[in-house]
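A.B. asks: Pasting a structure below so you can have a look.
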Amino acid sequence: MTGEGYLWLKALHVIAVISWMAGLLYLPRLFVYHCEVEIGSATSELFKVMERRLLKAIMMPAAIVAWVAGLIMAGVGGLFHDGWFHVKLTLVIGMTIAHHMMTRWKNDFAADRNSRPQKFFRIANEVPTLLMIAIVILVIVKPF
């Protein structure tokens with residue numbers, strides 16, 4: 001891959017990560033507000049649409065592009081031998097698990113069977129933030 005091609009791939013990866021993170025930070029916030037409304041209300045139905053569209057139209061495509069572009073860059077850049085990259089990859093797997101958990105929670109809301117309180121989603125909202133901070137530090141500082 002040429003140097004310019006790698007830079008375009010890196011730009012695509014960063015755009016995808018930003019889009020994915022936006023969804024990972026916003027979806028649990030929607031859940032917090034969704035907890036406040038009456039099941040079956042027009043507002044509840046609107047939240048269901050917002051949650052589904054955010055997940056399907058933004059988060060899933062962004063996650064896929066982030067993963068594919070990231071793995072290609074890691075292979076081309078020979079990063080699979082670096083210790084910091086192993087930790088970063090583990091944290092990205094954690095981010096992906098958080099994404100899948102949010103998908104399950106969205107499905108619970110869609111079926112009107114959410115049993116979790118607002119506080120749960122407020123705490124869950126912090127997980128992607130903490131993972132993101134650690135990932136960015138690892139990518140920029142490469143401490144080991």
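Chain labels A, B, ... are given in the sequence in which chains occur in the structure tokens; within each chain residues are numbered consecutively from 1, and ligands are likewise numbered from 1 in the order shown.
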Need the shell around segment 64-73 of chain A: protein/DNA/RNA residues with any atom at most 8 Å away, counting only C-alpha atoms. Skip same-chain ones fewer than 3 positions apart. Format as a list of chain:residue names?
C.D. replies: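 These residues fall inside the cut-off: A:Tyr6, A:Leu9, A:Lys10, A:Leu12, A:His13, A:Val14, A:Ala16, A:Val17, A:Trp20, A:Met60, A:Pro61, A:Val76, A:Gly77.
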A.B. asks: Let's have the selection written as a JSON list (two decimals), in the first residue's frame, with N, CA, C and O atoms.
C.D. replies:
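again-v9.json, freshly written:
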[["chain", "number", "residue", "atom", "x", "y", "z"],
["A", 6, "TYR", "N", -2.30, 4.63, 2.43],
["A", 6, "TYR", "CA", -2.36, 4.37, 3.87],
["A", 6, "TYR", "C", -2.99, 5.56, 4.59],
["A", 6, "TYR", "O", -3.81, 5.38, 5.50],
["A", 9, "LEU", "N", -6.67, 5.52, 4.08],
["A", 9, "LEU", "CA", -7.25, 4.48, 4.91],
["A", 9, "LEU", "C", -7.31, 4.94, 6.37],
["A", 9, "LEU", "O", -8.32, 4.70, 7.05],
["A", 10, "LYS", "N", -6.26, 5.61, 6.82],
["A", 10, "LYS", "CA", -6.25, 6.13, 8.20],
["A", 10, "LYS", "C", -7.36, 7.17, 8.38],
["A", 10, "LYS", "O", -8.05, 7.18, 9.41],
["A", 12, "LEU", "N", -10.19, 7.35, 6.72],
["A", 12, "LEU", "CA", -11.44, 6.60, 6.75],
["A", 12, "LEU", "C", -11.64, 5.96, 8.12],
["A", 12, "LEU", "O", -12.75, 5.99, 8.68],
["A", 13, "HIS", "N", -10.58, 5.39, 8.67],
["A", 13, "HIS", "CA", -10.65, 4.76, 9.99],
["A", 13, "HIS", "C", -11.04, 5.78, 11.07],
["A", 13, "HIS", "O", -11.93, 5.51, 11.88],
["A", 14, "VAL", "N", -10.42, 6.93, 11.06],
["A", 14, "VAL", "CA", -10.72, 7.96, 12.06],
["A", 14, "VAL", "C", -12.16, 8.45, 11.92],
["A", 14, "VAL", "O", -12.87, 8.61, 12.93],
["A", 16, "ALA", "N", -14.69, 6.75, 10.73],
["A", 16, "ALA", "CA", -15.55, 5.67, 11.20],
["A", 16, "ALA", "C", -15.54, 5.57, 12.72],
["A", 16, "ALA", "O", -16.60, 5.39, 13.34],
["A", 17, "VAL", "N", -14.37, 5.73, 13.33],
["A", 17, "VAL", "CA", -14.28, 5.66, 14.80],
["A", 17, "VAL", "C", -15.07, 6.81, 15.43],
["A", 17, "VAL", "O", -15.79, 6.60, 16.41],
["A", 20, "TRP", "N", -18.74, 5.96, 15.08],
["A", 20, "TRP", "CA", -19.09, 4.87, 15.99],
["A", 20, "TRP", "C", -19.18, 5.38, 17.43],
["A", 20, "TRP", "O", -20.13, 5.09, 18.16],
["A", 60, "MET", "N", -23.61, 0.51, 13.27],
["A", 60, "MET", "CA", -23.15, -0.74, 12.66],
["A", 60, "MET", "C", -22.21, -0.50, 11.49],
["A", 60, "MET", "O", -21.12, -1.07, 11.45],
["A", 61, "PRO", "N", -22.59, 0.34, 10.51],
["A", 61, "PRO", "CA", -21.66, 0.58, 9.40],
["A", 61, "PRO", "C", -20.33, 1.18, 9.88],
["A", 61, "PRO", "O", -19.26, 0.79, 9.41],
["A", 76, "VAL", "N", -0.67, -3.85, 7.58],
["A", 76, "VAL", "CA", 0.28, -3.13, 6.73],
["A", 76, "VAL", "C", 1.38, -2.49, 7.58],
["A", 76, "VAL", "O", 2.55, -2.50, 7.20],
["A", 77, "GLY", "N", 1.00, -1.98, 8.73],
["A", 77, "GLY", "CA", 1.97, -1.29, 9.60],
["A", 77, "GLY", "C", 2.76, -2.21, 10.51],
["A", 77, "GLY", "O", 3.61, -1.76, 11.28]]
A.B. asks: Show which residues sit within 12 Å of Met21 of chain A, as a VMD selection string. Count only C-alpha atoms, and ignore same-chain residues fewer than 2 positions away.
C.D. replies: chain A and resid 14 to 19 23 to 28 54 to 55 58 to 60 62 to 63 66 92 95 to 96 98 to 99 125 to 133 135
A.B. asks: Keeping only N, CA and C atoms, take the residues you just selected and write them out as an mmCIF file, in the first residue's frame.
C.D. replies:
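Ended up saving to result.cif:
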data_model
loop_
_atom_site.group_PDB
_atom_site.id
_atom_site.type_symbol
_atom_site.label_atom_id
_atom_site.label_comp_id
_atom_site.auth_asym_id
_atom_site.auth_seq_id
_atom_site.Cartn_x
_atom_site.Cartn_y
_atom_site.Cartn_z
ATOM 1 N N VAL A 14 -10.416 6.932 11.061
ATOM 2 C CA VAL A 14 -10.715 7.960 12.064
ATOM 3 C C VAL A 14 -12.163 8.446 11.924
ATOM 4 N N ILE A 15 -12.620 8.656 10.704
ATOM 5 C CA ILE A 15 -14.010 9.078 10.483
ATOM 6 C C ILE A 15 -14.972 8.020 11.012
ATOM 7 N N ALA A 16 -14.690 6.752 10.732
ATOM 8 C CA ALA A 16 -15.546 5.668 11.200
ATOM 9 C C ALA A 16 -15.541 5.574 12.719
ATOM 10 N N VAL A 17 -14.366 5.730 13.334
ATOM 11 C CA VAL A 17 -14.280 5.664 14.795
ATOM 12 C C VAL A 17 -15.067 6.810 15.431
ATOM 13 N N ILE A 18 -14.939 8.005 14.883
ATOM 14 C CA ILE A 18 -15.689 9.152 15.419
ATOM 15 C C ILE A 18 -17.196 8.890 15.308
ATOM 16 N N SER A 19 -17.640 8.381 14.176
ATOM 17 C CA SER A 19 -19.068 8.095 13.983
ATOM 18 C C SER A 19 -19.536 7.013 14.937
ATOM 19 N N GLY A 23 -22.301 7.336 18.260
ATOM 20 C CA GLY A 23 -23.427 6.454 18.549
ATOM 21 C C GLY A 23 -23.315 5.778 19.900
ATOM 22 N N LEU A 24 -22.105 5.320 20.240
ATOM 23 C CA LEU A 24 -21.899 4.645 21.525
ATOM 24 C C LEU A 24 -22.133 5.588 22.704
ATOM 25 N N LEU A 25 -21.922 6.867 22.483
ATOM 26 C CA LEU A 25 -22.156 7.840 23.545
ATOM 27 C C LEU A 25 -23.610 8.320 23.581
ATOM 28 N N TYR A 26 -24.259 8.347 22.431
ATOM 29 C CA TYR A 26 -25.618 8.882 22.357
ATOM 30 C C TYR A 26 -26.695 7.835 22.658
ATOM 31 N N LEU A 27 -26.503 6.591 22.221
ATOM 32 C CA LEU A 27 -27.537 5.578 22.390
ATOM 33 C C LEU A 27 -27.905 5.339 23.859
ATOM 34 N N PRO A 28 -26.917 5.187 24.767
ATOM 35 C CA PRO A 28 -27.317 5.016 26.170
ATOM 36 C C PRO A 28 -28.041 6.238 26.735
ATOM 37 N N LEU A 54 -30.246 4.916 14.701
ATOM 38 C CA LEU A 54 -28.890 5.211 15.153
ATOM 39 C C LEU A 54 -28.032 3.955 15.080
ATOM 40 N N LEU A 55 -28.580 2.855 15.546
ATOM 41 C CA LEU A 55 -27.831 1.595 15.564
ATOM 42 C C LEU A 55 -27.592 1.062 14.155
ATOM 43 N N ILE A 58 -25.964 4.194 11.503
ATOM 44 C CA ILE A 58 -24.709 4.872 11.847
ATOM 45 C C ILE A 58 -23.747 3.931 12.555
ATOM 46 N N MET A 59 -24.185 3.353 13.665
ATOM 47 C CA MET A 59 -23.257 2.592 14.510
ATOM 48 C C MET A 59 -22.729 1.324 13.842
ATOM 49 N N MET A 60 -23.613 0.513 13.274
ATOM 50 C CA MET A 60 -23.148 -0.744 12.665
ATOM 51 C C MET A 60 -22.211 -0.498 11.487
ATOM 52 N N ALA A 62 -20.404 2.110 10.829
ATOM 53 C CA ALA A 62 -19.179 2.742 11.326
ATOM 54 C C ALA A 62 -18.289 1.731 12.041
ATOM 55 N N ALA A 63 -18.887 0.853 12.840
ATOM 56 C CA ALA A 63 -18.108 -0.165 13.548
ATOM 57 C C ALA A 63 -17.418 -1.101 12.556
ATOM 58 N N ALA A 66 -14.589 0.804 10.850
ATOM 59 C CA ALA A 66 -13.498 1.020 11.808
ATOM 60 C C ALA A 66 -12.691 -0.258 11.992
ATOM 61 N N VAL A 92 -10.687 -2.414 22.175
ATOM 62 C CA VAL A 92 -11.634 -2.286 21.061
ATOM 63 C C VAL A 92 -12.616 -3.455 21.071
ATOM 64 N N MET A 95 -15.090 -2.454 23.475
ATOM 65 C CA MET A 95 -16.001 -1.483 22.863
ATOM 66 C C MET A 95 -17.046 -2.205 22.015
ATOM 67 N N THR A 96 -16.617 -3.235 21.320
ATOM 68 C CA THR A 96 -17.533 -4.009 20.487
ATOM 69 C C THR A 96 -18.538 -4.767 21.352
ATOM 70 N N ALA A 98 -19.579 -3.716 24.274
ATOM 71 C CA ALA A 98 -20.505 -2.663 24.715
ATOM 72 C C ALA A 98 -21.539 -2.379 23.624
ATOM 73 N N HIS A 99 -21.084 -2.324 22.386
ATOM 74 C CA HIS A 99 -21.973 -2.097 21.240
ATOM 75 C C HIS A 99 -23.041 -3.203 21.189
ATOM 76 N N ASN A 125 -23.342 4.495 30.083
ATOM 77 C CA ASN A 125 -22.930 5.576 29.192
ATOM 78 C C ASN A 125 -21.464 5.940 29.392
ATOM 79 N N GLU A 126 -20.921 5.653 30.563
ATOM 80 C CA GLU A 126 -19.524 6.013 30.857
ATOM 81 C C GLU A 126 -18.525 4.983 30.325
ATOM 82 N N VAL A 127 -18.964 3.766 30.096
ATOM 83 C CA VAL A 127 -18.044 2.702 29.665
ATOM 84 C C VAL A 127 -17.342 3.043 28.345
ATOM 85 N N PRO A 128 -18.086 3.424 27.279
ATOM 86 C CA PRO A 128 -17.384 3.767 26.036
ATOM 87 C C PRO A 128 -16.416 4.949 26.203
ATOM 88 N N THR A 129 -16.778 5.891 27.057
ATOM 89 C CA THR A 129 -15.901 7.041 27.290
ATOM 90 C C THR A 129 -14.575 6.591 27.889
ATOM 91 N N LEU A 130 -14.625 5.749 28.900
ATOM 92 C CA LEU A 130 -13.397 5.269 29.538
ATOM 93 C C LEU A 130 -12.560 4.435 28.579
ATOM 94 N N LEU A 131 -13.220 3.585 27.793
ATOM 95 C CA LEU A 131 -12.490 2.796 26.807
ATOM 96 C C LEU A 131 -11.837 3.695 25.761
ATOM 97 N N MET A 132 -12.574 4.706 25.295
ATOM 98 C CA MET A 132 -12.044 5.625 24.301
ATOM 99 C C MET A 132 -10.810 6.354 24.819
ATOM 100 N N ILE A 133 -10.857 6.826 26.041
ATOM 101 C CA ILE A 133 -9.713 7.539 26.622
ATOM 102 C C ILE A 133 -8.489 6.626 26.637
ATOM 103 N N ILE A 135 -7.904 3.965 24.794
ATOM 104 C CA ILE A 135 -7.489 3.655 23.423
ATOM 105 C C ILE A 135 -6.707 4.809 22.816
#
A.B. asks: Take atom CA of His86 of chain A and atom CA of Arg104 of chain A and report the distance between them in Å, one decimal.
C.D. replies: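 Atom-to-atom, atom CA of His86 of chain A to atom CA of Arg104 of chain A, that is 27.2 Å.
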A.B. asks: For Asp82 of chain A, list every protein, DNA or RNA residue within 12 Å, evaluated using only C-alpha atoms, and leave out those in the same chain fewer than 6 positions away; present the list as a PyMOL selection string.
C.D. replies: chain A and resi 74-75+88-89+138-139+142-144
A.B. asks: Restricting the calculation to only C-alpha atoms: of A:Ala11, A:Met1, A:Thr90, A:Phe31, which residue gets closest to Ser115 of chain A?
C.D. replies: A:Phe31
A.B. asks: Kindly give the distance, in Å, that separates atom CA of Trp84 of chain A and atom CA of Ile97 of chain A, rounded to a single decimal.
C.D. replies: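 Interatomic distance here is 20.0 Å.
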A.B. asks: Write down as a ChimeraX atom specification the residues of chain A whose backbone DSSP state falls under alpha helix (DSSP H).
C.D. replies: /A:3-35,42-53,60-77,83-110,118-124,126-141
